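Here is the structure we will look at, set down as structure tokens.
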Number of protein chains: 2
Amino acid sequence: MLEAFVSQHTDLDIDFDFDTYLSYRRGRLEESLTRYFSQGEPALLWEAMAYSVLSAGKRLRAMLVFAAAEAVYKDCPLKASASGLDAIDAVMPLAAAIEMIHAMSLIHDDLPCLDNDDLRRGKPTNHKVYGEAMALLAGDGLLMLATESLIERTDRRVDRQNLLDVTRAMAHATGPSGMVGGQVKDMQFTGAEDSKFDIATVESIHAGKTGALIRFALWAPAKLLGASAEKCESLARLGEIIGLAFQITDDLLDVTGDATTLGKTPGKDEATQKATWVRAIGVDGARAKLKEMEAEGQNLIEQNSLDNATAPILRSLLSYSIHRDK
Amino acid sequence: MLEAFVSQHTDLDIDFDFDTYLSYRRGRLEESLTRYFSQGEPALLWEAMAYSVLSAGKRLRAMLVFAAAEAVYKDCPLKASASGLDAIDAVMPLAAAIEMIHAMSLIHDDLPCLDNDDLRRGKPTNHKVYGEAMALLAGDGLLMLATESLIERTDRRVDRQNLLDVTRAMAHATGPSGMVGGQVKDMQFTGAEDSKFDIATVESIHAGKTGALIRFALWAPAKLLGASAEKCESLARLGEIIGLAFQITDDLLDVTGDATTLGKTPGKDEATQKATWVRAIGVDGARAKLKEMEAEGQNLIEQNSLDNATAPILRSLLSYSIHRDK
């Protein structure tokens, strides 16, 4: 039954089930990552990288990559040219690369000199298992493998300039103007009094720390597949919305969430005096902002026909990023 | 006079002076790096990155990039097409990117969890000035900027597939199969008894830790400029020779060098029980190996006409990597 769904998924002519969709997509991603990380020298370094990359997470970023690819595939030049390039195959190396970068950011964030966390998804953090030096180098290694594997594994039929643009944008989203820059700002404002930061500060921290990579995850597949500039821009904006919504929800869950469902103790932001949406505009303010984001996102999807009527993948992902309880 | 040298350098029809050559090339590189690192947000992150990238070093890797570009420029397609692309301009973003990666490797190596060094080139190390968290993130940022700036700043007339190949090879030379992998091996063998490692171990550590990026520095300009596969391969092999020779010389200087000339205290390898050439094959063995490397390198340069008779740039760089006293 899953196979039937799968073989037909690009035509989207069957009843859409979001959970089945996610579970199948995750399966293909894990398969690709497991194969890539199954070998390599020095063995202990590869083991340390695999430890973090392969530990199951939501895989939100990869799911966004697949959803964007399906959103533009129906009228993208690569399909029209009948080259036979499957949308998901075309963006699999991209999805894997984004997950490597995400894993790397968790490894370095967990280090004693940053968040000093011992547990991640219920397992000991990378440096707790492999030591600080190896965790540092595993993160560095993953950053480079993301770039290398993206270029090496992306199908030759993908336009060369588009692949260059995507590789460059991935570095931009990850570096000082994106993830790394957001992490620095987060660090600078952690422990600051409420009066020291405002909405603009919180928005700028998260636009970098989590937003840039999520925005990239939706924009890049469209660019790789040669979609129109307009489609690329709509997806980038949707990425900004989902990134923000995801973060606001995170901040809310830290205040209103349930420890058992969350799988971690809430209240950590308050204890560490993080610059959060809740501290900036309160619980009600954050909820109102979420409603606003959700409406803008739904509009964007409808107006740009980013979803097929029978398979509302992007709508479901937007919804999920807001209405999840963990 | 320097200007006269400069305006004519690609024709190489004046008396060649190696020091003048190096000083002019370094000047153009520093100018390019200083401009690139003069702005950016978050300001403190950019300051931390600039602190390490702009602190003067030998700039060996960038010098190799320029030398290789000049070695192949005379008969490369880009010159033949009369596009007016200057060899040095074409590889300046590459030279800058390699220096960013080198700076990043020093920042992370100096961290307490690795070498725990307080001084680098007579100045406090990055984490001593900016703290461990910022130093960690400055290194991550530099890795991403290297990729981003290489793609963004390389002239549009450079073939797109060649630029992709070079970007991929840079990540490969820096990642688990290159620099990062070598660092891991170095860490694993530091403190090991002499009987625990042999020449193959030492060679494999250094081929990764310093050799891969030096090899890349000579191969990549040839690839970018569209040189023949044969020229690219000769330069790559010369890179391996120079990388090895440079490292053997380093190991020898740590035993036989003079503290005043070196600018640092020799004997550190012995004290920390590093896996070095001297420990593997002794001072005489290391000297003999150097002689061998030098002869092979000179042969390679001659047989492949990699130097102009009046401007033996590569021969001088090979010589320098061996006969330096610091």
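We label chains A, B, ... in the order they appear in the structure tokens, count residues from 1 in each chain, and number ligands from 1 in the order shown.
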Least-squares superpose chain B onto chain A - every C-alpha atom, paired in order - and show me the moved coordinates as an mmCIF file with C-alpha atoms, in the first residue's frame.
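Output below, filename result-v2.cif:
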```cif
data_model
loop_
_atom_site.group_PDB
_atom_site.id
_atom_site.type_symbol
_atom_site.label_atom_id
_atom_site.label_comp_id
_atom_site.auth_asym_id
_atom_site.auth_seq_id
_atom_site.Cartn_x
_atom_site.Cartn_y
_atom_site.Cartn_z
ATOM 1 C CA MET B 1 0.144 -0.101 0.062
ATOM 2 C CA LEU B 2 2.975 2.246 0.931
ATOM 3 C CA GLU B 3 4.606 1.176 -2.313
ATOM 4 C CA ALA B 4 1.470 1.999 -4.259
ATOM 5 C CA PHE B 5 1.452 5.435 -2.675
ATOM 6 C CA VAL B 6 5.079 5.818 -3.468
ATOM 7 C CA SER B 7 5.026 4.772 -7.076
ATOM 8 C CA GLN B 8 2.340 7.313 -7.739
ATOM 9 C CA HIS B 9 3.381 10.116 -5.438
ATOM 10 C CA THR B 10 4.433 12.602 -8.076
ATOM 11 C CA ASP B 11 1.002 12.437 -9.649
ATOM 12 C CA LEU B 12 -0.659 12.910 -6.292
ATOM 13 C CA ASP B 13 -3.804 11.156 -7.418
ATOM 14 C CA ILE B 14 -4.527 9.164 -4.284
ATOM 15 C CA ASP B 15 -5.890 10.132 -0.924
ATOM 16 C CA PHE B 16 -3.248 12.124 0.857
ATOM 17 C CA ASP B 17 -2.187 11.017 4.305
ATOM 18 C CA PHE B 18 0.362 13.341 5.905
ATOM 19 C CA ASP B 19 1.794 10.785 8.341
ATOM 20 C CA THR B 20 2.240 8.162 5.627
ATOM 21 C CA TYR B 21 3.874 10.801 3.489
ATOM 22 C CA LEU B 22 6.305 11.849 6.222
ATOM 23 C CA SER B 23 7.147 8.308 7.206
ATOM 24 C CA TYR B 24 7.936 7.292 3.626
ATOM 25 C CA ARG B 25 10.019 10.389 2.971
ATOM 26 C CA ARG B 26 11.920 9.968 6.231
ATOM 27 C CA GLY B 27 12.613 6.362 5.284
ATOM 28 C CA ARG B 28 14.232 7.313 1.992
ATOM 29 C CA LEU B 29 16.260 10.045 3.653
ATOM 30 C CA GLU B 30 17.535 7.769 6.447
ATOM 31 C CA GLU B 31 18.487 5.188 3.833
ATOM 32 C CA SER B 32 20.518 7.749 1.904
ATOM 33 C CA LEU B 33 22.218 9.089 5.045
ATOM 34 C CA THR B 34 22.933 5.619 6.423
ATOM 35 C CA ARG B 35 24.581 4.583 3.166
ATOM 36 C CA TYR B 36 26.685 7.743 3.041
ATOM 37 C CA PHE B 37 27.875 7.413 6.636
ATOM 38 C CA SER B 38 28.510 3.656 6.559
ATOM 39 C CA GLN B 39 32.199 3.959 5.771
ATOM 40 C CA GLY B 40 35.151 6.276 5.939
ATOM 41 C CA GLU B 41 38.493 6.906 7.559
ATOM 42 C CA PRO B 42 39.401 7.765 10.278
ATOM 43 C CA ALA B 43 36.767 5.321 11.548
ATOM 44 C CA LEU B 44 36.182 7.018 14.915
ATOM 45 C CA LEU B 45 35.557 10.396 13.250
ATOM 46 C CA TRP B 46 32.968 8.863 10.924
ATOM 47 C CA GLU B 47 31.377 7.084 13.857
ATOM 48 C CA ALA B 48 31.117 10.366 15.755
ATOM 49 C CA MET B 49 29.587 12.155 12.756
ATOM 50 C CA ALA B 50 27.146 9.303 12.102
ATOM 51 C CA TYR B 51 26.146 9.240 15.775
ATOM 52 C CA SER B 52 24.627 12.703 15.455
ATOM 53 C CA VAL B 53 23.460 12.664 11.836
ATOM 54 C CA LEU B 54 21.647 9.356 12.139
ATOM 55 C CA SER B 55 19.940 9.915 15.486
ATOM 56 C CA ALA B 56 16.311 10.318 14.541
ATOM 57 C CA GLY B 57 14.837 13.779 14.736
ATOM 58 C CA LYS B 58 11.833 15.421 13.171
ATOM 59 C CA ARG B 59 13.780 15.864 9.919
ATOM 60 C CA LEU B 60 11.719 19.012 9.378
ATOM 61 C CA ARG B 61 14.317 20.599 7.096
ATOM 62 C CA ALA B 62 14.542 17.579 4.806
ATOM 63 C CA MET B 63 10.746 17.316 4.694
ATOM 64 C CA LEU B 64 10.586 20.937 3.562
ATOM 65 C CA VAL B 65 13.106 20.178 0.820
ATOM 66 C CA PHE B 66 10.952 17.349 -0.517
ATOM 67 C CA ALA B 67 7.761 19.364 -0.258
ATOM 68 C CA ALA B 68 9.248 22.280 -2.175
ATOM 69 C CA ALA B 69 10.581 19.939 -4.855
ATOM 70 C CA GLU B 70 7.106 18.484 -5.336
ATOM 71 C CA ALA B 71 5.578 21.946 -5.354
ATOM 72 C CA VAL B 72 7.594 23.075 -8.368
ATOM 73 C CA TYR B 73 8.209 19.779 -10.169
ATOM 74 C CA LYS B 74 4.963 19.831 -12.118
ATOM 75 C CA ASP B 75 6.108 22.676 -14.301
ATOM 76 C CA CYS B 76 9.874 22.716 -13.967
ATOM 77 C CA PRO B 77 12.155 22.602 -17.017
ATOM 78 C CA LEU B 78 13.857 19.388 -15.924
ATOM 79 C CA LYS B 79 10.579 17.499 -16.052
ATOM 80 C CA ALA B 80 9.551 19.152 -19.307
ATOM 81 C CA SER B 81 12.791 18.089 -20.951
ATOM 82 C CA ALA B 82 11.700 14.507 -20.267
ATOM 83 C CA SER B 83 15.124 13.734 -18.911
ATOM 84 C CA GLY B 84 13.498 11.304 -16.546
ATOM 85 C CA LEU B 85 14.934 12.964 -13.472
ATOM 86 C CA ASP B 86 12.750 12.247 -10.449
ATOM 87 C CA ALA B 87 12.056 15.287 -8.242
ATOM 88 C CA ILE B 88 12.950 13.506 -5.014
ATOM 89 C CA ASP B 89 16.127 11.932 -6.420
ATOM 90 C CA ALA B 90 17.181 15.346 -7.665
ATOM 91 C CA VAL B 91 16.990 16.925 -4.208
ATOM 92 C CA MET B 92 18.016 13.964 -2.016
ATOM 93 C CA PRO B 93 21.687 15.111 -1.790
ATOM 94 C CA LEU B 94 20.428 18.586 -0.837
ATOM 95 C CA ALA B 95 18.126 17.189 1.865
ATOM 96 C CA ALA B 96 20.983 15.063 3.236
ATOM 97 C CA ALA B 97 23.389 18.028 3.203
ATOM 98 C CA ILE B 98 20.941 20.206 5.158
ATOM 99 C CA GLU B 99 20.524 17.462 7.759
ATOM 100 C CA MET B 100 24.338 17.255 8.085
ATOM 101 C CA ILE B 101 24.516 20.994 8.727
ATOM 102 C CA HIS B 102 21.677 20.793 11.238
ATOM 103 C CA ALA B 103 23.428 17.909 13.059
ATOM 104 C CA MET B 104 26.686 19.877 13.079
ATOM 105 C CA SER B 105 24.965 22.884 14.628
ATOM 106 C CA LEU B 106 23.579 20.703 17.428
ATOM 107 C CA ILE B 107 27.007 19.151 18.133
ATOM 108 C CA HIS B 108 28.761 22.520 18.424
ATOM 109 C CA ASP B 109 25.850 24.126 20.342
ATOM 110 C CA ASP B 110 25.936 21.346 22.926
ATOM 111 C CA LEU B 111 29.665 21.821 23.657
ATOM 112 C CA PRO B 112 30.619 22.996 27.160
ATOM 113 C CA CYS B 113 31.707 26.431 25.929
ATOM 114 C CA LEU B 114 28.230 27.051 24.476
ATOM 115 C CA ASP B 115 25.087 25.398 25.893
ATOM 116 C CA ASN B 116 26.921 22.663 27.807
ATOM 117 C CA ASP B 117 24.172 20.076 27.290
ATOM 118 C CA ASP B 118 24.569 16.448 28.315
ATOM 119 C CA LEU B 119 21.458 15.073 26.635
ATOM 120 C CA ARG B 120 19.962 15.489 23.181
ATOM 121 C CA ARG B 121 16.833 13.594 22.153
ATOM 122 C CA GLY B 122 17.256 11.395 25.215
ATOM 123 C CA LYS B 123 20.788 10.316 24.269
ATOM 124 C CA PRO B 124 24.147 11.570 25.569
ATOM 125 C CA THR B 125 25.397 14.488 23.466
ATOM 126 C CA ASN B 126 28.256 13.944 21.020
ATOM 127 C CA HIS B 127 31.029 15.262 23.269
ATOM 128 C CA LYS B 128 29.749 13.167 26.183
ATOM 129 C CA VAL B 129 30.354 10.052 24.070
ATOM 130 C CA TYR B 130 33.408 11.018 21.976
ATOM 131 C CA GLY B 131 35.027 13.800 23.978
ATOM 132 C CA GLU B 132 35.178 17.514 23.236
ATOM 133 C CA ALA B 133 38.003 17.420 20.693
ATOM 134 C CA MET B 134 36.332 14.760 18.576
ATOM 135 C CA ALA B 135 32.948 16.507 18.789
ATOM 136 C CA LEU B 136 34.544 19.754 17.635
ATOM 137 C CA LEU B 137 36.170 17.992 14.666
ATOM 138 C CA ALA B 138 33.049 15.956 13.869
ATOM 139 C CA GLY B 139 31.164 19.240 13.504
ATOM 140 C CA ASP B 140 33.867 20.712 11.267
ATOM 141 C CA GLY B 141 33.868 17.519 9.217
ATOM 142 C CA LEU B 142 30.096 17.569 8.754
ATOM 143 C CA LEU B 143 30.181 21.167 7.508
ATOM 144 C CA MET B 144 32.638 20.200 4.798
ATOM 145 C CA LEU B 145 30.868 16.949 3.912
ATOM 146 C CA ALA B 146 27.644 18.864 3.412
ATOM 147 C CA THR B 147 29.276 20.984 0.696
ATOM 148 C CA GLU B 148 31.251 18.115 -0.806
ATOM 149 C CA SER B 149 28.342 15.671 -0.964
ATOM 150 C CA LEU B 150 25.911 18.256 -2.331
ATOM 151 C CA ILE B 151 28.166 18.906 -5.330
ATOM 152 C CA GLU B 152 29.308 15.317 -5.735
ATOM 153 C CA ARG B 153 25.921 13.620 -5.497
ATOM 154 C CA THR B 154 23.580 16.050 -7.226
ATOM 155 C CA ASP B 155 22.535 14.677 -10.601
ATOM 156 C CA ARG B 156 24.593 15.871 -13.568
ATOM 157 C CA ARG B 157 21.433 16.936 -15.381
ATOM 158 C CA VAL B 158 20.898 19.741 -12.856
ATOM 159 C CA ASP B 159 22.044 23.046 -14.345
ATOM 160 C CA ARG B 160 25.600 23.870 -13.222
ATOM 161 C CA GLN B 161 24.934 27.530 -12.422
ATOM 162 C CA ASN B 162 21.885 26.578 -10.364
ATOM 163 C CA LEU B 163 23.975 24.095 -8.386
ATOM 164 C CA LEU B 164 26.614 26.788 -7.790
ATOM 165 C CA ASP B 165 23.927 29.236 -6.635
ATOM 166 C CA VAL B 166 22.513 26.655 -4.227
ATOM 167 C CA THR B 167 25.946 25.701 -2.837
ATOM 168 C CA ARG B 168 26.759 29.367 -2.277
ATOM 169 C CA ALA B 169 23.375 30.047 -0.657
ATOM 170 C CA MET B 170 23.832 27.041 1.664
ATOM 171 C CA ALA B 171 27.139 28.467 2.888
ATOM 172 C CA HIS B 172 25.500 31.885 3.281
ATOM 173 C CA ALA B 173 22.554 30.477 5.268
ATOM 174 C CA THR B 174 24.963 28.552 7.506
ATOM 175 C CA GLY B 175 27.672 31.171 8.020
ATOM 176 C CA PRO B 176 28.038 34.585 9.686
ATOM 177 C CA SER B 177 24.947 36.018 7.954
ATOM 178 C CA GLY B 178 22.843 33.008 8.929
ATOM 179 C CA MET B 179 23.077 30.227 11.473
ATOM 180 C CA VAL B 180 26.490 31.029 12.953
ATOM 181 C CA GLY B 181 25.653 34.738 13.155
ATOM 182 C CA GLY B 182 22.333 33.975 14.873
ATOM 183 C CA GLN B 183 24.123 31.791 17.368
ATOM 184 C CA VAL B 184 26.500 34.636 18.191
ATOM 185 C CA LYS B 185 23.603 37.070 18.706
ATOM 186 C CA ASP B 186 21.775 34.510 20.851
ATOM 187 C CA MET B 187 24.878 34.193 23.010
ATOM 188 C CA GLN B 188 25.219 37.972 23.289
ATOM 189 C CA PHE B 189 21.622 38.430 24.454
ATOM 190 C CA THR B 190 21.370 35.404 26.730
ATOM 191 C CA GLY B 191 21.234 36.640 30.288
ATOM 192 C CA ALA B 192 20.172 40.133 29.216
ATOM 193 C CA GLU B 193 17.387 41.852 31.106
ATOM 194 C CA ASP B 194 13.961 42.040 29.436
ATOM 195 C CA SER B 195 14.424 45.746 28.879
ATOM 196 C CA LYS B 196 17.605 45.142 26.888
ATOM 197 C CA PHE B 197 15.928 43.486 23.906
ATOM 198 C CA ASP B 198 12.811 43.942 21.798
ATOM 199 C CA ILE B 199 10.906 42.064 19.101
ATOM 200 C CA ALA B 200 13.412 43.138 16.435
ATOM 201 C CA THR B 201 16.258 41.588 18.449
ATOM 202 C CA VAL B 202 14.445 38.295 18.967
ATOM 203 C CA GLU B 203 13.408 38.193 15.313
ATOM 204 C CA SER B 204 16.969 38.837 14.148
ATOM 205 C CA ILE B 205 18.403 36.125 16.432
ATOM 206 C CA HIS B 206 15.989 33.500 15.160
ATOM 207 C CA ALA B 207 16.060 34.619 11.528
ATOM 208 C CA GLY B 208 19.730 33.650 11.685
ATOM 209 C CA LYS B 209 19.900 30.799 14.141
ATOM 210 C CA THR B 210 17.065 28.657 12.797
ATOM 211 C CA GLY B 211 15.321 30.732 10.124
ATOM 212 C CA ALA B 212 18.072 30.988 7.512
ATOM 213 C CA LEU B 213 18.444 27.235 7.035
ATOM 214 C CA ILE B 214 14.661 26.660 6.961
ATOM 215 C CA ARG B 215 14.271 29.436 4.399
ATOM 216 C CA PHE B 216 17.063 27.839 2.383
ATOM 217 C CA ALA B 217 15.386 24.409 2.636
ATOM 218 C CA LEU B 218 12.324 25.704 0.771
ATOM 219 C CA TRP B 219 14.096 27.988 -1.706
ATOM 220 C CA ALA B 220 16.922 25.671 -2.778
ATOM 221 C CA PRO B 221 14.929 22.782 -4.302
ATOM 222 C CA ALA B 222 13.047 25.253 -6.496
ATOM 223 C CA LYS B 223 16.340 26.802 -7.614
ATOM 224 C CA LEU B 224 17.938 23.404 -8.272
ATOM 225 C CA LEU B 225 15.002 22.246 -10.369
ATOM 226 C CA GLY B 226 15.073 25.467 -12.368
ATOM 227 C CA ALA B 227 11.748 26.924 -11.188
ATOM 228 C CA SER B 228 10.837 30.531 -12.003
ATOM 229 C CA ALA B 229 12.283 33.357 -9.925
ATOM 230 C CA GLU B 230 8.741 34.061 -8.710
ATOM 231 C CA LYS B 231 8.234 30.517 -7.395
ATOM 232 C CA CYS B 232 11.656 30.570 -5.752
ATOM 233 C CA GLU B 233 10.817 33.823 -3.984
ATOM 234 C CA SER B 234 7.386 32.609 -2.806
ATOM 235 C CA LEU B 235 8.955 29.503 -1.346
ATOM 236 C CA ALA B 236 11.707 31.539 0.327
ATOM 237 C CA ARG B 237 9.075 33.754 1.976
ATOM 238 C CA LEU B 238 7.116 30.682 3.067
ATOM 239 C CA GLY B 239 10.370 29.413 4.566
ATOM 240 C CA GLU B 240 10.730 32.613 6.590
ATOM 241 C CA ILE B 241 7.170 32.219 7.862
ATOM 242 C CA ILE B 242 7.605 28.552 8.815
ATOM 243 C CA GLY B 243 10.967 29.265 10.443
ATOM 244 C CA LEU B 244 9.500 32.026 12.588
ATOM 245 C CA ALA B 245 6.374 30.022 13.417
ATOM 246 C CA PHE B 246 8.487 27.031 14.394
ATOM 247 C CA GLN B 247 10.571 29.155 16.746
ATOM 248 C CA ILE B 248 7.625 30.957 18.356
ATOM 249 C CA THR B 249 6.024 27.549 18.968
ATOM 250 C CA ASP B 250 9.277 26.338 20.536
ATOM 251 C CA ASP B 251 9.350 29.329 22.852
ATOM 252 C CA LEU B 252 5.675 28.802 23.774
ATOM 253 C CA LEU B 253 6.180 25.085 24.459
ATOM 254 C CA ASP B 254 9.019 25.938 26.824
ATOM 255 C CA VAL B 255 6.476 27.858 28.911
ATOM 256 C CA THR B 256 3.235 25.929 28.375
ATOM 257 C CA GLY B 257 4.456 22.461 27.348
ATOM 258 C CA ASP B 258 4.188 19.216 29.252
ATOM 259 C CA ALA B 259 7.443 17.554 30.332
ATOM 260 C CA THR B 260 6.266 14.028 29.457
ATOM 261 C CA THR B 261 5.101 14.953 25.953
ATOM 262 C CA LEU B 262 8.067 17.236 25.320
ATOM 263 C CA GLY B 263 10.629 14.647 26.373
ATOM 264 C CA LYS B 264 12.556 17.407 28.102
ATOM 265 C CA THR B 265 12.042 19.748 31.009
ATOM 266 C CA PRO B 266 10.304 22.990 30.052
ATOM 267 C CA GLY B 267 11.326 26.293 31.612
ATOM 268 C CA LYS B 268 14.900 26.202 30.383
ATOM 269 C CA ASP B 269 14.651 29.497 28.477
ATOM 270 C CA GLU B 270 13.470 31.275 31.613
ATOM 271 C CA ALA B 271 16.203 29.707 33.724
ATOM 272 C CA THR B 272 18.956 30.680 31.273
ATOM 273 C CA GLN B 273 17.402 34.076 30.478
ATOM 274 C CA LYS B 274 17.268 33.449 26.720
ATOM 275 C CA ALA B 275 15.917 36.153 24.438
ATOM 276 C CA THR B 276 12.598 34.512 23.490
ATOM 277 C CA TRP B 277 9.324 35.564 21.881
ATOM 278 C CA VAL B 278 7.475 34.942 25.122
ATOM 279 C CA ARG B 279 9.809 37.213 27.060
ATOM 280 C CA ALA B 280 9.561 39.868 24.338
ATOM 281 C CA ILE B 281 5.776 39.944 23.795
ATOM 282 C CA GLY B 282 4.223 37.544 26.339
ATOM 283 C CA VAL B 283 2.268 34.289 25.837
ATOM 284 C CA ASP B 284 -0.779 36.019 24.329
ATOM 285 C CA GLY B 285 1.365 38.166 22.068
ATOM 286 C CA ALA B 286 3.245 35.095 20.838
ATOM 287 C CA ARG B 287 -0.037 33.262 20.154
ATOM 288 C CA ALA B 288 -1.391 36.212 18.196
ATOM 289 C CA LYS B 289 1.834 36.417 16.176
ATOM 290 C CA LEU B 290 1.518 32.691 15.378
ATOM 291 C CA LYS B 291 -2.029 33.154 14.078
ATOM 292 C CA GLU B 292 -0.806 35.949 11.856
ATOM 293 C CA MET B 293 2.033 33.829 10.499
ATOM 294 C CA GLU B 294 -0.270 30.893 9.816
ATOM 295 C CA ALA B 295 -2.713 33.043 7.852
ATOM 296 C CA GLU B 296 0.053 34.626 5.781
ATOM 297 C CA GLY B 297 1.534 31.217 5.042
ATOM 298 C CA GLN B 298 -1.779 29.679 3.959
ATOM 299 C CA ASN B 299 -2.449 32.644 1.684
ATOM 300 C CA LEU B 300 0.969 32.363 0.103
ATOM 301 C CA ILE B 301 0.479 28.657 -0.611
ATOM 302 C CA GLU B 302 -2.928 29.219 -2.178
ATOM 303 C CA GLN B 303 -2.056 32.257 -4.229
ATOM 304 C CA ASN B 304 1.001 30.603 -5.728
ATOM 305 C CA SER B 305 -0.583 27.160 -6.191
ATOM 306 C CA LEU B 306 2.194 25.555 -4.179
ATOM 307 C CA ASP B 307 -0.003 22.645 -3.111
ATOM 308 C CA ASN B 308 -1.977 20.129 -5.105
ATOM 309 C CA ALA B 309 -5.614 19.982 -3.963
ATOM 310 C CA THR B 310 -5.327 16.291 -3.085
ATOM 311 C CA ALA B 311 -1.931 16.540 -1.403
ATOM 312 C CA PRO B 312 -1.619 19.578 0.830
ATOM 313 C CA ILE B 313 1.968 18.842 1.823
ATOM 314 C CA LEU B 314 3.145 22.383 2.455
ATOM 315 C CA ARG B 315 -0.092 23.350 4.217
ATOM 316 C CA SER B 316 0.353 20.313 6.474
ATOM 317 C CA LEU B 317 3.979 21.216 7.216
ATOM 318 C CA LEU B 318 3.029 24.804 8.066
ATOM 319 C CA SER B 319 0.276 23.526 10.338
ATOM 320 C CA TYR B 320 2.596 21.001 11.932
ATOM 321 C CA SER B 321 5.228 23.612 12.713
ATOM 322 C CA ILE B 322 2.589 25.527 14.689
ATOM 323 C CA HIS B 323 0.233 22.989 16.230
ATOM 324 C CA ARG B 324 2.729 20.390 17.431
ATOM 325 C CA ASP B 325 2.937 19.625 21.139
ATOM 326 C CA LYS B 326 6.610 18.647 21.184
#
```
Pick out each residue of region 22-255 of chain B that DSSP on the backbone tags as helix (DSSP H, G or I); I need them as a PyMOL selection string.
chain B and resi 22-36+43-53+60-73+77-80+87-110+126-130+132-153+160-174+179-189+194-196+199-224+229-255
